[in-house]
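*Asks:* One structure coming up, written as structure tokens, with questions to follow.
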Amino acid sequence: MNVFVSLVAVGGLFLLGLLGARPGMGWMFGVVIPYAAVALFIGGLIYRVMGWANVPVPFRIPTTSGQQKSLTWIKQERLENPHNTLAVIGRMALEILFFRSLLRNTKSELVEGRRLVYGTDLWLWLAAMAMHWSFLIILFRHLRLLTQPVPLCVTFLEKVDGFLEVGIPVIYVTSFIFLAALAYLLFRRLASAKVRYISLASDYFPLFLLLGIGISGFYLRHLDKTDIVGVKELALGLTHFAPVVPESISPLFFGHLLLVSVLLAYFPFSKLVHMAGVFLSPTRNLANSNRRVRHVNPWDYPVKLHSYEAYEDDLRDKMKAAGVPVEKEA
Amino acid sequence: MPSPDEMAYYQQEDLLKIDSRPPKTAWMDTPVDFRPGSFIYPGKAKNLEILDLPNPRDWAVTDDDWKLPDDWKKIVLEGMAERLSKYRSFRLFMDICVRCGACADKCHFFIGGGDPKNMPVLRAELLRSIYRKDFTAMGKVFGKLAGARELTTDVIKEWFYYFFQCTECRRCSVFCPYGIDTAEITMMGRELLGLLGLYVNWVIEPVANCFRFGNHLAIQPHGFMDTMEFMVDDIEEATGVRVGLPVNKKGAEILFVVPSGDFVAAPGIYTCMAYLLLFHELGLDYTWSTYASDGGNFGLFTSHETMKRLNAKIYAEAKRLGVKWILGGECGHMWRVAHQYMDTMNGPADFLEVPKSPFTGTVFDHAQSTKMVHIMEFMADLIQHGKMKLDPSRNDHIRVTLHDSCNPARAMGLLEEPRYVMRKVCNHFFEMPENTIREQTFCCGGGAGLGTDENMEMRLRGGLPRGNAVKYVQEKHGVNQLAAMCAIDRATLVTVCDYWAPGVLVTGVGELIANATVLKDETKRTLDLRMEPIPGMEGDDQQGDTSDE
């Protein structure tokens with residue numbers, strides 16, 4: 001059900017996008033919707049991040065994954081158990097650039113009906129790394145369309161990415177990696193009974209959306225080539241706030257563009273916002289300096305206590321009889 | 001016929017038939033099955049009254065009507081809103097989970113039981129679904145499609161069942177790519193239940209006791225003295241040394257705080273005896289306290305406010321007695337509180353001094369604000385400076401492994417200190433498999449207030465991963481003792497070992513140190529602190545072979 005709804009939604013959006021090539025619709029699908037999507041993306045992301053940032057962190061609760069800094073002769077594991085900001089930055093960099101925690105992933109299994117074994121399970125990490133990094137490179141490659149002249153670094157990256165030198169225009173490795181990784185992530189979600197059980201429509205929808213964007217993008221470059229000059233004219237017009245809508249752009253491009261617009265608009269209000277959220281995670285971005293530096297809770301308030309005086313008043317006779325020193329004799 | 005609260009009720013082959021295939025029905029449509037052995041009895045009204053907690057009443061988990069207040073729904077939603085605005089962790093963890101499932105088989109309850117709602121991700125979804133419905137635009141518009149659902153009394157029952165099937169061990173948070181910590185989720189879930197007067201008695205009675213008498217077990221001062229004097233007698237019988245018993249002593253250099261579980265039951269009491277013996281031997285100027293007679297804090301398993309209420313006595317007593325700094329014994333959750341909460345909640349402890357070992361001169365800079373040092377940090381420093389006369393061969397009959405307790409491992413990173421100490425006092429120390437120790441250590445299955453007998457099925461299931469790892473080193477290396485730096489471990493792992501790895505005894509690290517320590521005035525040592533003969537100590541001193549795999 002969740003899978004079906006998501007697939008239909010993405011398919012419907014794509015078909016809707018095709019309308020952009022109809023006469024008179026170019027402005028709506030090529031200018032208004034993309035602008036609105038970018039505005040929602042930026043505005044939404046700021047709204048979400050501010051929403052979290054405005055909530056205090058009352059306690060310092062890092063999850064430590066290695067030896068603490070204590071006695072001088074015991075070797076601390078800085079990146080697993082950071083004791084200061086610099087080490088935290090190191091930990092966060094590993095987390096954000098290389099998905100450090102996911103790299104620990106194991107699979108537990110009961111063998112011979114009685115023995116638990118834990119095997120390394122790196123498929124999820126590998127697919128996640130492949131998907132995120134290739135996505136980033138693909139985005140970066142798109143700068144070719146948004147800039148004039150094209151920066152050298154973009155051209156260089158394209159060269160590297162197209163090192164196979166197959167096809168005209170040359171086929172990029174990341175295009176395949178991106179689609180393959182997404183396909184694996186979708187397969188995993190469907191094939192593993194556990195993961196399928198916890199999956200919501202909002203888990204399938206982004207996968208189909210990204211697949212739709214990836215496949216339509218691949219088509220646009222290699223199979224059903226659109227008027228690339230026209231696309232660049234549209235793109236430059238958008239970035240220079242002087243939009244023009246050339247007549248020659250194919251419906252497929254508008255389908256691709258609408259899916260991208262939906263992704264942008266959907267991003268801040270869905271689980272995809274983990275991209276921003278991971279930076280704020282209190283179990284990862286705080287130093288384990290708890291006993292060295294006091295952490296202050298901004299909303300701390302007094303609570304009802306049972307003081308020593310009250311305790312002694314309750315138990316004075318028993319304390320005296322047992323020879324425990326007291327403050328007051330009676 | 002054994003009953004569901006007894007170990008013998010459960011056959012290993014039945015428990016090992018773990019079916020982790022999810023049920024046919026979607027999780028939102030699968031009601032809770034309150035079967036005996038898998039849930040904990042409700043908090044009694046009298047305990048709630050002692051603590052001024054709302055809605056005290058007597059009720060039963062198996063009742064249809066849990067006697068919730070009329071406006072229960074409003075209370076829960078307002079409570080949620082309040083916590084979403086106070087805890088970034090809660091707000092963020094509600095928003096950013098992608099349901100990748102990396103956490104699923106990291107939970108000992110899921111591994112040992114297979115109930116999908118014990119996957120950390122789904123445990124959090126129990127709360128997240130309500131959050132979406134009432135606090136997010138997506139959930140309001142798309143409802144069930146966006147994973148949102150209505151708050152009903154069945155949801156409350158489900159929360160009660162599953163938030164008291166989480167031991168807040170934080171193992172899942174090590175594996176989560178965003179560091180989502182189920183302990184935070186469970187703590188919030190329990191706080192919300194608490195607003196309706198829904199507690200488990202195994203937690204709230206100790207809390208009420210601790211509030212009034214300073215410790216979870218309601219040991220009063222005269223009882224405390226009796227217990228300790230009994231231990232002093234036993235130590236004399238075993239070693240010939242009569243140790244001192246400083247209690248509520250003003251002007252002592254150090255206040256010593258332990259979990260009260262070590263006062264009453266074996267094998268915890270041997271650890272307690274070890275402290276008495278070691279401090280006497282060192283000539284440490286320290287004191288016990290009857291008021292601060294528990295560093296353990298079941299408030300952690302109740303609410304942040306309750307935690308603060310119980311923890312306040314530690315600094316208050318340190319101030320009253322005029323000590324310089326605080327030393328803490330072997331305990332898991334006590335150290336979560338002492339390390340991550342105490343200074344923030346009840347500090348600053350500016351009336352204390354930066355801890356400094358009176359024997360080695362080592363300044364414990366890493367504890368310069370909290371002013372509380374862990375006994376293993378203290379002992380490791382002493383041993384490293386050669387201040388202890390040790391004869392590890394006295395432990396040669398022991399082939400020991402170390403169970404890292406959840407909180408010292410994942411909230412502090414206290415990993416090498418106990419290992420260093422154990423290698424110095426034992427010749428036969430063996431590690432369990434790497435996925436079951438250090439930051440990946442498995443819970444005993446009874447932490448966070450779940451270690452009661454009426455919860456036996458879940459304890460045995462949750463204890464399976466740990467028990468299995470113990471069984472592995474027992475078969476491979478002949479391990480016969482499991483050392484644990486935690487009072488809850490010392491209570492619950494006895495059951496886990498008896499069931500999953502029979503023949504393995506549970507000990508504290510301190511007990512191993514004390515037994516290996518050569519005392520200045522000792523008589524010929526033939527008995528250990530358990531009053532059992534030490535094999536090989538009848539004849540000449542022998543050096544055992546060293547192994548450290």
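Starting from 1 in every chain, residues are counted up; chains themselves are A, B, ... following the order of the structure tokens, and ligands are numbered from 1 as listed.
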Within 10 Å of range 123-127 of chain A, counting only C-alpha atoms, which residues qualify if same-chain residues fewer than 3 places away don't, as a PyMOL selection string?
*Replies:* (chain A and resi 98-105+120+130-133+177-178+180-185+188) or (chain B and resi 100-102+177)
*Asks:* Can you tell me, as a ChimeraX atom specification, what residues are no more than 7 Å from Leu196 in chain B when counting only C-alpha atoms, ignoring any on the same chain fewer than 3 positions away?
*Replies:* /B:54-55,68-69,72,193
*Asks:* Could the residues in this selection be saved with C-alpha atoms as a PDB file, in the first residue's frame?
*Replies:*
```pdb
ATOM      1  CA  PRO B  54       0.008  12.882  40.229  1.00  0.00           C
ATOM      2  CA  ASN B  55      -2.892  10.432  40.095  1.00  0.00           C
ATOM      3  CA  LEU B  68      -6.581   7.580  33.868  1.00  0.00           C
ATOM      4  CA  PRO B  69      -7.535  11.139  34.752  1.00  0.00           C
ATOM      5  CA  TRP B  72      -5.470  12.396  30.177  1.00  0.00           C
ATOM      6  CA  LEU B 193       3.321   8.074  31.384  1.00  0.00           C
TER       7      LEU B 193
END
```
*Asks:* Skip Asp350 in chain B itself and residues of its chain fewer than 6 positions away, then list as a list in words all residues within 12 Å of it, counting only C-alpha atoms.
*Replies:*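 Using only C-alpha atoms, the neighbours found are Arg294 of chain A; Tyr315, Ala316, Ala318, Lys319, Lys324, Trp325, Asp343, Gln368, Ser369, Thr370 and Lys371 of chain B.
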*Asks:* If you run DSSP on the backbone here, which positions in range 37-281 of chain A get alpha helix (DSSP H)? Please write them as a PyMOL selection string.
*Replies:* chain A and resi 37-53+85-98+100-103+123-141+143-146+152-161+173-191+193-198+201-218+228-239+251-266+274-277
*Asks:* Residues at most 8 Å from Gly467 in chain B, counting only C-alpha atoms, excluding those fewer than 2 positions away in the same chain, as a list in words?
*Replies:* Gly463, Leu464, Pro465, Ala469, Val470, Lys471, Val496, Cys497, Tyr499, Trp500 and Ala501 of chain B
*Asks:* Any chance you could export the current selection's N, CA and C atoms as a CSV table (one decimal), in the first residue's frame?
*Replies:*
```csv
chain,number,residue,atom,x,y,z
B,463,GLY,N,18.7,-11.0,28.2
B,463,GLY,CA,20.0,-11.4,28.7
B,463,GLY,C,20.7,-12.4,27.8
B,464,LEU,N,19.9,-12.8,26.7
B,464,LEU,CA,20.5,-13.8,25.8
B,464,LEU,C,21.8,-13.4,25.2
B,465,PRO,N,21.9,-12.2,24.6
B,465,PRO,CA,23.2,-11.8,23.9
B,465,PRO,C,24.3,-11.9,24.9
B,469,ALA,N,27.5,-14.7,25.0
B,469,ALA,CA,28.9,-14.4,24.9
B,469,ALA,C,29.6,-15.0,26.1
B,470,VAL,N,29.0,-15.0,27.2
B,470,VAL,CA,29.6,-15.6,28.4
B,470,VAL,C,29.8,-17.1,28.2
B,471,LYS,N,28.8,-17.7,27.6
B,471,LYS,CA,28.8,-19.2,27.3
B,471,LYS,C,30.0,-19.4,26.3
B,496,VAL,N,21.1,-14.3,34.7
B,496,VAL,CA,21.4,-14.5,33.2
B,496,VAL,C,22.5,-15.6,33.1
B,497,CYS,N,23.5,-15.6,33.9
B,497,CYS,CA,24.5,-16.7,33.8
B,497,CYS,C,24.0,-18.0,34.3
B,499,TYR,N,21.2,-19.1,33.9
B,499,TYR,CA,20.3,-19.6,32.9
B,499,TYR,C,21.0,-20.0,31.6
B,500,TRP,N,21.8,-19.0,31.1
B,500,TRP,CA,22.4,-19.2,29.8
B,500,TRP,C,23.8,-19.7,29.8
B,501,ALA,N,24.5,-19.6,30.9
B,501,ALA,CA,25.9,-20.1,31.0
B,501,ALA,C,26.1,-20.6,32.4
```
*Asks:* At most 7 Å is the cut-off: for each residue in chain B with any atom that close to an atom of chain A, write down the nearest atom pair and the distance in Å rounded to one decimal, counting only C-alpha atoms, chain first then increasing number, as a Markdown table.
*Replies:*
```
| residue | atom | partner | partner_atom | distance |
| --- | --- | --- | --- | --- |
| B:Leu16 | CA | A:Arg114 | CA | 6.6 |
| B:Arg21 | CA | A:Ala193 | CA | 6.6 |
| B:Pro22 | CA | A:Lys194 | CA | 6.6 |
| B:Ser85 | CA | A:Val55 | CA | 5.5 |
| B:Lys86 | CA | A:Val55 | CA | 5.8 |
| B:Tyr87 | CA | A:Val57 | CA | 5.8 |
| B:Arg88 | CA | A:Val55 | CA | 5.1 |
| B:Ser89 | CA | A:Pro282 | CA | 6.1 |
| B:Arg91 | CA | A:Trp52 | CA | 6.9 |
| B:Leu92 | CA | A:Trp52 | CA | 6.6 |
| B:Asp95 | CA | A:Lys271 | CA | 6.6 |
| B:Ile96 | CA | A:His274 | CA | 4.6 |
| B:Cys97 | CA | A:Lys271 | CA | 6.4 |
| B:Val98 | CA | A:Lys271 | CA | 5.7 |
| B:Arg99 | CA | A:Ser199 | CA | 6.7 |
| B:Gly101 | CA | A:Val195 | CA | 5.9 |
| B:Ala102 | CA | A:Asn105 | CA | 6.6 |
| B:Asp105 | CA | A:Ser108 | CA | 6.3 |
| B:Leu122 | CA | A:Ile198 | CA | 6.7 |
| B:Leu145 | CA | A:Ala201 | CA | 5.6 |
| B:Ala146 | CA | A:Ser202 | CA | 5.8 |
| B:Gly147 | CA | A:Leu200 | CA | 6.1 |
| B:Ser173 | CA | A:Thr63 | CA | 7.0 |
| B:Val174 | CA | A:Ser101 | CA | 6.5 |
| B:Phe175 | CA | A:Ser101 | CA | 5.0 |
| B:Cys176 | CA | A:Ser101 | CA | 6.0 |
| B:Pro177 | CA | A:Ser101 | CA | 5.0 |
| B:Tyr178 | CA | A:Val278 | CA | 5.3 |
| B:Gly179 | CA | A:Thr283 | CA | 5.6 |
| B:Phe211 | CA | A:His306 | CA | 6.3 |
| B:Arg212 | CA | A:His306 | CA | 6.6 |
| B:Pro221 | CA | A:Met319 | CA | 5.6 |
| B:His222 | CA | A:Ala322 | CA | 5.0 |
| B:Met225 | CA | A:Ala322 | CA | 6.7 |
| B:Val247 | CA | A:Val324 | CA | 6.8 |
| B:Asn248 | CA | A:Pro325 | CA | 6.4 |
| B:Tyr291 | CA | A:Tyr308 | CA | 6.8 |
| B:Arg309 | CA | A:Leu305 | CA | 5.6 |
| B:His339 | CA | A:Arg291 | CA | 6.0 |
| B:Gln340 | CA | A:Asn290 | CA | 5.8 |
| B:Tyr341 | CA | A:Phe59 | CA | 6.5 |
| B:Asp343 | CA | A:Arg294 | CA | 6.2 |
| B:Thr344 | CA | A:His295 | CA | 5.4 |
| B:Asp365 | CA | A:Arg292 | CA | 6.7 |
| B:His366 | CA | A:Arg292 | CA | 4.8 |
| B:Ala367 | CA | A:Arg291 | CA | 4.5 |
| B:Gln368 | CA | A:Arg292 | CA | 5.0 |
| B:Ser369 | CA | A:Arg292 | CA | 4.9 |
| B:Thr370 | CA | A:Arg291 | CA | 4.8 |
| B:Arg410 | CA | A:Thr64 | CA | 4.7 |
| B:Ala411 | CA | A:Thr64 | CA | 5.4 |
| B:Met412 | CA | A:Thr64 | CA | 6.1 |
| B:Gly413 | CA | A:Gln68 | CA | 4.5 |
| B:Leu414 | CA | A:Gln68 | CA | 6.0 |
| B:Leu415 | CA | A:Gln67 | CA | 5.6 |
| B:Glu416 | CA | A:Gln67 | CA | 6.7 |
| B:Asn435 | CA | A:Tyr118 | CA | 6.7 |
| B:Glu439 | CA | A:Ser65 | CA | 5.1 |
| B:Pro465 | CA | A:Leu116 | CA | 6.9 |
| B:Asn468 | CA | A:Leu116 | CA | 6.6 |
```
*Asks:* Please provide as a ChimeraX atom specification all residues within 10 Å of Pro535 in chain B, with the sequence filter that same-chain residues fewer than 2 positions apart are discarded (counting only C-alpha atoms).
*Replies:* /B:393-398,526-528,532-533,537-539
*Asks:* Let me make sure I understand: among B:Cys166, B:Ile204, B:Leu282, B:Met422, which one has the smallest atom-to-atom distance to Val518 in chain B if we use only C-alpha atoms?
*Replies:* B:Leu282
*Asks:* Write out as a ChimeraX atom specification each polymer residue whose atoms come within 12 Å of Ala483 in chain B, counting only C-alpha atoms; drop sequence neighbours fewer than 5 positions from it.
*Replies:* /B:267-268,271,330,398-405,418-419,421-422,426,429-432,470,489-490,493-494,497,504-513
*Asks:* Could you name the residues that touch Gly214 in chain A at 10 Å or less, counting only C-alpha atoms, but leaving out those on the same chain fewer than 6 positions away, as a compact mmCIF listing (two decimals) with N, CA and C atoms, in the first residue's frame?
*Replies:*
```
# COMPACT_ATOMS: atom_id res chain seq x y z
N PHE A 135 25.23 11.49 -5.59
CA PHE A 135 24.22 12.54 -5.68
C PHE A 135 24.90 13.92 -5.60
N ILE A 138 26.75 14.59 -8.79
CA ILE A 138 25.81 14.90 -9.88
C ILE A 138 25.30 16.34 -9.75
N SER A 175 26.41 8.48 -12.54
CA SER A 175 25.00 8.26 -12.92
C SER A 175 24.59 6.84 -12.60
N PHE A 176 25.49 5.92 -12.94
CA PHE A 176 25.19 4.51 -12.68
C PHE A 176 25.22 4.18 -11.20
N PHE A 178 24.69 6.13 -8.73
CA PHE A 178 23.52 6.74 -8.09
C PHE A 178 22.28 5.85 -8.27
N LEU A 179 22.04 5.44 -9.49
CA LEU A 179 20.84 4.63 -9.75
C LEU A 179 20.96 3.24 -9.12
N LEU A 182 20.41 3.57 -5.34
CA LEU A 182 18.99 3.78 -5.03
C LEU A 182 18.21 2.49 -5.21
N PHE A 208 11.48 6.76 -4.69
CA PHE A 208 10.92 6.82 -6.05
C PHE A 208 11.20 8.17 -6.69
N LEU A 220 17.58 12.19 -20.47
CA LEU A 220 17.77 13.51 -21.08
C LEU A 220 19.17 13.67 -21.66
N HIS A 256 11.40 16.01 -15.51
CA HIS A 256 12.59 15.98 -14.64
C HIS A 256 12.58 17.17 -13.69
N LEU A 259 9.99 17.00 -10.84
CA LEU A 259 10.40 16.08 -9.77
C LEU A 259 11.47 16.72 -8.89
N VAL A 260 12.40 17.44 -9.53
CA VAL A 260 13.43 18.13 -8.75
C VAL A 260 12.79 19.20 -7.86
```
*Asks:* Please indicate the distance in Å from CA of Phe254 in chain A to CA of Asp224 in chain A, rounded to one decimal place.
*Replies:*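 For CA of Phe254 in chain A relative to CA of Asp224 in chain A, the distance reads 12.9 Å.
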*Asks:* Run DSSP on the backbone of this structure and report the residues of range 281-504 of chain B it assigns to strand (DSSP E or B), as a list in words.
*Replies:*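 Output for range 281-504 of chain B, strand (DSSP E or B) only: Tyr286, Thr287, Trp288, Trp325, Ile326, Leu327, Gly328, Lys356, Val363, Met372, Val373, His374, Leu390, Val400, Thr401, Leu402, His403, His428, Phe429, Gln481, Leu482, Ala483 and Ala484 of chain B.
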